[in-house]
>>> print(open('structure.txt').read())   # compact mmCIF, C-alpha atoms
# COMPACT_ATOMS: atom_id res chain seq x y z
CA MET A 25 -69.05 -27.16 -1.41
CA ASN A 26 -70.13 -26.97 -5.06
CA LEU A 27 -68.69 -23.47 -5.26
CA ILE A 28 -65.37 -24.59 -3.80
CA ASP A 29 -65.18 -27.59 -6.15
CA GLU A 30 -65.91 -25.36 -9.13
CA LEU A 31 -63.24 -22.86 -8.12
CA PHE A 32 -60.63 -25.62 -8.03
CA GLU A 33 -61.66 -26.77 -11.50
CA ARG A 34 -61.88 -23.41 -13.27
CA LYS A 35 -58.83 -21.74 -14.76
CA ASP A 36 -60.29 -18.29 -14.10
CA ALA A 37 -60.94 -19.06 -10.42
CA ARG A 38 -58.67 -16.27 -9.21
CA LEU A 39 -60.51 -13.73 -11.36
CA LEU A 40 -63.87 -14.91 -10.00
CA ILE A 41 -62.62 -14.65 -6.42
CA ASP A 42 -61.23 -11.16 -7.03
CA ARG A 43 -64.55 -10.01 -8.49
CA PHE A 44 -66.47 -11.52 -5.59
CA VAL A 45 -64.21 -9.89 -3.01
CA GLU A 46 -64.43 -6.52 -4.76
CA ARG A 47 -68.23 -6.69 -4.85
CA VAL A 48 -68.51 -7.64 -1.17
CA ALA A 49 -65.97 -5.00 -0.12
CA SER A 50 -67.72 -2.25 -2.11
CA LEU A 51 -71.10 -3.09 -0.60
CA GLY A 52 -69.54 -3.27 2.85
CA MET A 53 -68.10 0.22 2.41
CA LEU A 54 -71.45 1.56 1.23
CA TYR A 55 -73.21 0.07 4.25
CA SER A 56 -70.49 1.50 6.47
CA LEU A 57 -71.14 4.97 5.05
CA SER A 58 -74.89 4.53 5.55
CA THR A 59 -74.30 3.48 9.16
CA LEU A 60 -72.03 6.49 9.67
CA VAL A 61 -74.71 8.89 8.40
CA LEU A 62 -77.33 7.32 10.69
CA LYS A 63 -74.98 7.46 13.68
CA MET A 64 -74.13 11.12 13.09
CA THR A 65 -77.72 12.31 12.58
CA SER A 66 -79.80 10.14 14.93
CA PRO A 67 -80.81 11.38 18.40
CA GLY A 68 -77.95 11.06 20.88
CA VAL A 69 -74.20 11.58 20.86
CA PRO A 70 -72.24 9.87 18.03
CA ASP A 71 -69.32 7.68 19.08
CA ILE A 72 -66.39 7.85 16.64
CA TYR A 73 -63.66 5.40 17.55
CA GLN A 74 -60.24 6.97 17.03
CA GLY A 75 -58.66 5.97 13.76
CA CYS A 76 -61.97 4.96 12.19
CA GLU A 77 -62.42 8.22 10.31
CA VAL A 78 -61.18 6.21 7.29
CA TRP A 79 -61.41 2.52 6.44
CA ARG A 80 -59.64 0.42 9.04
CA PHE A 81 -59.84 -3.27 8.28
CA LEU A 82 -59.70 -4.57 11.83
CA LEU A 83 -61.92 -6.61 14.07
CA THR A 84 -63.14 -5.18 17.36
CA ASP A 85 -61.33 -5.19 20.70
CA PRO A 86 -58.42 -5.83 20.96
CA ASP A 87 -57.63 -5.36 17.24
CA ASN A 88 -59.09 -1.87 17.06
CA ARG A 89 -56.91 -0.74 19.97
CA ARG A 90 -53.76 -0.75 17.88
CA PRO A 91 -51.84 2.53 17.52
CA VAL A 92 -53.53 5.09 15.25
CA ASP A 93 -51.61 6.61 12.34
CA PHE A 94 -52.58 10.21 13.03
CA ALA A 95 -50.15 11.51 10.41
CA HIS A 96 -52.07 9.55 7.76
CA LEU A 97 -55.38 10.88 9.07
CA ARG A 98 -54.07 14.45 8.87
CA ARG A 99 -53.01 13.89 5.26
CA VAL A 100 -56.41 12.47 4.32
CA LEU A 101 -58.20 15.34 6.06
CA LYS A 102 -56.00 17.87 4.27
CA ASP A 103 -56.70 16.21 0.90
CA VAL A 104 -60.44 16.17 1.59
CA LYS A 105 -60.44 19.87 2.48
CA GLU A 106 -58.52 20.75 -0.69
CA ASP A 107 -60.64 18.56 -2.99
CA SER A 108 -64.17 18.38 -1.61
CA ASP A 109 -65.76 16.86 -4.73
CA ALA A 110 -67.97 14.20 -3.19
CA GLY A 111 -68.49 12.43 -6.51
CA SER A 112 -64.78 11.95 -7.16
CA LEU A 113 -64.23 10.78 -3.57
CA MET A 114 -66.97 8.20 -4.05
CA ARG A 115 -65.37 6.97 -7.26
CA ASP A 116 -62.12 6.56 -5.32
CA LEU A 117 -63.98 4.58 -2.68
CA TYR A 118 -61.08 2.44 -1.47
CA SER A 119 -58.91 5.43 -0.51
CA GLY A 120 -61.11 6.14 2.52
CA GLY A 121 -61.37 9.82 1.67
CA ILE A 122 -65.14 9.59 1.28
CA LYS A 123 -65.53 8.35 4.86
CA MET A 124 -63.40 11.20 6.20
CA TYR A 125 -65.42 13.63 4.05
CA VAL A 126 -68.78 12.38 5.35
CA THR A 127 -67.53 12.47 8.94
CA THR A 128 -66.19 16.00 8.57
CA ARG A 129 -69.27 17.43 6.88
CA LEU A 130 -71.63 15.95 9.45
CA LEU A 131 -69.55 17.11 12.41
CA HIS A 132 -69.66 20.62 10.95
CA LEU A 133 -73.41 20.33 10.41
CA ARG A 134 -73.97 19.28 14.02
CA ARG A 135 -72.00 22.33 15.15
CA GLU A 136 -73.94 24.65 12.82
CA LEU A 137 -77.39 23.32 13.82
CA PRO A 138 -77.17 22.42 17.52
CA GLU A 139 -80.88 23.06 17.99
CA VAL A 140 -81.63 20.29 15.49
CA PHE A 141 -79.27 17.63 16.77
CA GLN A 142 -79.39 18.35 20.51
CA TYR A 143 -83.08 19.10 20.91
CA GLY A 144 -84.82 18.39 17.61
CA ASP A 145 -87.43 15.67 17.35
CA TYR A 146 -87.13 12.58 15.18
CA GLU A 147 -89.80 11.57 12.68
CA PRO A 148 -89.45 8.47 10.46
CA ILE A 149 -90.04 8.95 6.74
CA PRO A 150 -92.19 6.26 5.09
CA THR A 151 -89.88 4.33 2.74
CA THR A 152 -89.50 1.11 0.82
CA SER A 153 -87.42 -1.78 2.15
CA LYS A 154 -84.42 -0.40 0.24
CA LEU A 155 -84.21 2.82 2.26
CA VAL A 156 -83.93 4.25 5.74
CA GLY A 157 -85.13 7.82 6.18
CA TYR A 158 -86.17 10.31 8.83
CA MET A 159 -86.58 14.02 9.55
CA ARG A 160 -84.89 15.90 12.38
CA ALA A 161 -86.82 18.90 13.72
CA LYS A 162 -88.64 19.19 10.36
CA ARG A 163 -85.43 20.80 9.10
CA VAL A 164 -83.06 17.98 8.13
CA ALA A 165 -84.03 14.98 5.98
CA VAL A 166 -81.76 11.93 6.17
CA VAL A 167 -81.96 9.20 3.51
CA VAL A 168 -79.62 6.23 3.04
CA PRO A 169 -79.94 2.99 1.05
CA ARG A 170 -80.09 -0.58 2.33
CA LEU A 171 -80.57 -4.00 0.72
CA VAL A 172 -79.06 -2.90 -2.60
CA VAL A 173 -77.09 -6.07 -3.38
CA SER A 174 -79.05 -6.61 -6.58
CA SER A 175 -78.67 -3.00 -7.76
CA ALA A 176 -75.98 -1.55 -9.98
CA PHE A 177 -73.07 -0.09 -8.03
CA PRO A 178 -72.97 2.59 -6.90
CA PRO A 179 -76.75 3.01 -6.53
CA ILE A 180 -77.00 6.59 -7.77
CA GLY A 181 -78.94 8.52 -10.40
CA GLN A 182 -81.08 6.57 -12.83
CA VAL A 183 -80.39 3.29 -11.02
CA TRP A 184 -83.44 4.28 -8.94
CA GLY A 185 -85.73 4.61 -11.97
CA ASP A 186 -88.99 6.37 -11.13
CA GLU A 187 -88.91 5.59 -7.40
CA SER A 188 -89.51 8.53 -5.06
CA ILE A 189 -89.58 9.32 -1.36
CA LYS A 190 -92.04 11.38 0.66
CA ILE A 191 -90.35 14.49 2.09
CA ASP A 192 -92.04 17.66 3.37
CA ALA A 193 -92.50 20.21 0.58
CA GLY A 194 -89.80 22.84 0.29
CA ASN A 195 -86.36 23.60 -1.07
CA TYR A 196 -83.44 21.57 0.24
CA VAL A 197 -79.66 21.51 -0.19
CA ASP A 198 -77.63 18.32 0.19
CA VAL A 199 -74.89 18.79 2.78
CA PHE A 200 -72.46 16.54 0.87
CA THR A 201 -72.86 17.71 -2.72
CA GLU A 202 -74.53 21.14 -2.28
CA THR A 203 -77.07 19.94 -4.84
CA GLU A 204 -80.40 21.76 -4.65
CA VAL A 205 -83.41 19.46 -4.30
CA LYS A 206 -87.00 20.68 -4.60
CA SER A 207 -89.82 18.70 -3.00
CA ASN A 208 -93.50 19.06 -3.76
CA GLY A 209 -94.21 16.40 -1.15
CA TYR A 210 -92.28 13.73 -3.03
CA VAL A 211 -88.76 13.71 -4.45
CA PRO A 212 -87.37 11.30 -7.09
CA LEU A 213 -84.61 9.15 -5.63
CA SER A 214 -82.62 9.81 -8.79
CA SER A 215 -82.43 13.42 -7.56
CA VAL A 216 -81.83 12.58 -3.91
CA PHE A 217 -78.97 10.24 -4.87
CA SER A 218 -77.78 12.13 -7.94
CA GLU A 219 -74.07 11.99 -7.04
CA LEU A 220 -73.80 10.02 -3.80
CA PRO A 221 -75.82 7.07 -2.48
CA LEU A 222 -76.31 9.06 0.74
CA ALA A 223 -78.24 12.23 1.42
CA VAL A 224 -78.62 14.69 4.27
CA LEU A 225 -80.91 17.43 3.00
CA ILE A 226 -81.15 20.80 4.76
CA LYS A 227 -84.46 22.60 4.34
CA GLY A 228 -84.31 26.29 3.52
CA LYS A 229 -85.98 28.71 5.89
>>> encode(input="structure.txt", output="structure tokens")
Amino acid sequence: MNLIDELFERKDARLLIDRFVERVASLGMLYSLSTLVLKMTSPGVPDIYQGCEVWRFLLTDPDNRRPVDFAHLRRVLKDVKEDSDAGSLMRDLYSGGIKMYVTTRLLHLRRELPEVFQYGDYEPIPTTSKLVGYMRAKRVAVVVPRLVVSSAFPPIGQVWGDESIKIDAGNYVDVFTETEVKSNGYVPLSSVFSELPLAVLIKGK
């Protein structure tokens, strides 16, 4: 109630509300992307509800059963194919292009590596409370953030300081950014999340 009382009394209340909503929405979108990556790379078959390839601000059934604007989805997919710069898509977070991009890249990856995603084992990666990570078939490393409310947004690059994550030694390429990542057993998170706060790293043969 103190917050509500203060908002009524302050002249800049609308600005404060707008900032609060923007912060919550941005974090919600980041967590949505993290959930998408986990869904697409975990053991099992991913379920993508039609129309949810981009942001769709609806509740569940029956709201999410409204007609899907497939023409809009085709336009977004076309734009993503023509401009596949993951960093710029992340900076334009609200457009929904980044969600379409992540979905598309991971569907392609599943098709390219069926032996990993259909039959490959799953091995958790030891992490801090701010991360979720695992290996698939000792070939694909998946790392996404969690509990980053107190971090700068987006949580990329030097935001992670000197923190690192344990990943099998080898040379990797990020499926989203095509950034090369070298592991000697540990990899700095500033390298893992150099452009995006999500990483799916493919180990070279």
>>> closest_residue(input="structure.txt", among="A:Pro138, A:Gly52, A:Pro67, A:Gly75", to="Pro91 in chain A", atoms="all atoms listed in the file")
A:Gly75
>>> residues_around(input="structure.txt", residues="Arg99 in chain A", least_positions_apart="6", cutoff="12 Å", atoms="only C-alpha atoms", output="PyMOL selection string")
chain A and resi 78+93+105-106+119-121+124
>>> axis_aligned_box(input="structure.txt", around="range 168-176 of chain A", padding_each_side="4 Å", output="lines of an AutoDock Vina configuration file")
center_x = -78.3
center_y = -0.2
center_z = -3.5
size_x = 12.6
size_y = 20.8
size_z = 21.0
>>> closest_residue(input="structure.txt", among="A:Asn208, A:Lys227, A:Tyr118, A:Pro178", to="Ala161 in chain A", atoms="only C-alpha atoms")
A:Lys227
>>> residues_around(input="structure.txt", residues="Val156 in chain A", least_positions_apart="3", cutoff="9 Å", atoms="all atoms listed in the file", output="list in words")
Leu62, Pro148, Ile149, Pro150, Thr151, Thr152, Ser153, Val166, Val167, Val168, Pro169 and Arg170 of chain A
>>> closest_residue(input="structure.txt", among="A:Lys206, A:Arg163, A:Arg134, A:Lys123", to="Leu222 in chain A", atoms="only C-alpha atoms")
A:Lys123
>>> closest_residue(input="structure.txt", among="A:Ile122, A:Ala223, A:Ala165, A:Met159", to="Asp103 in chain A", atoms="all atoms listed in the file")
A:Ile122
>>> residues_around(input="structure.txt", residues="Phe200 in chain A", least_positions_apart="2", cutoff="12 Å", atoms="all atoms listed in the file", output="ChimeraX atom specification")
/A:61,108-111,113-114,122-133,166,197-198,202-204,216-226
>>> closest_residue(input="structure.txt", among="A:Ala193, A:Met53, A:Val199, A:Leu155", to="Val211 in chain A", atoms="only C-alpha atoms")
A:Ala193
>>> atom_distance(input="structure.txt", atom1="CA of Tyr196 in chain A", atom2="CA of Ser50 in chain A")
28.6 Å
>>> closest_residue(input="structure.txt", among="A:Pro70, A:Leu40, A:Gln142, A:Leu83", to="Ile28 in chain A", atoms="all atoms listed in the file")
A:Leu40
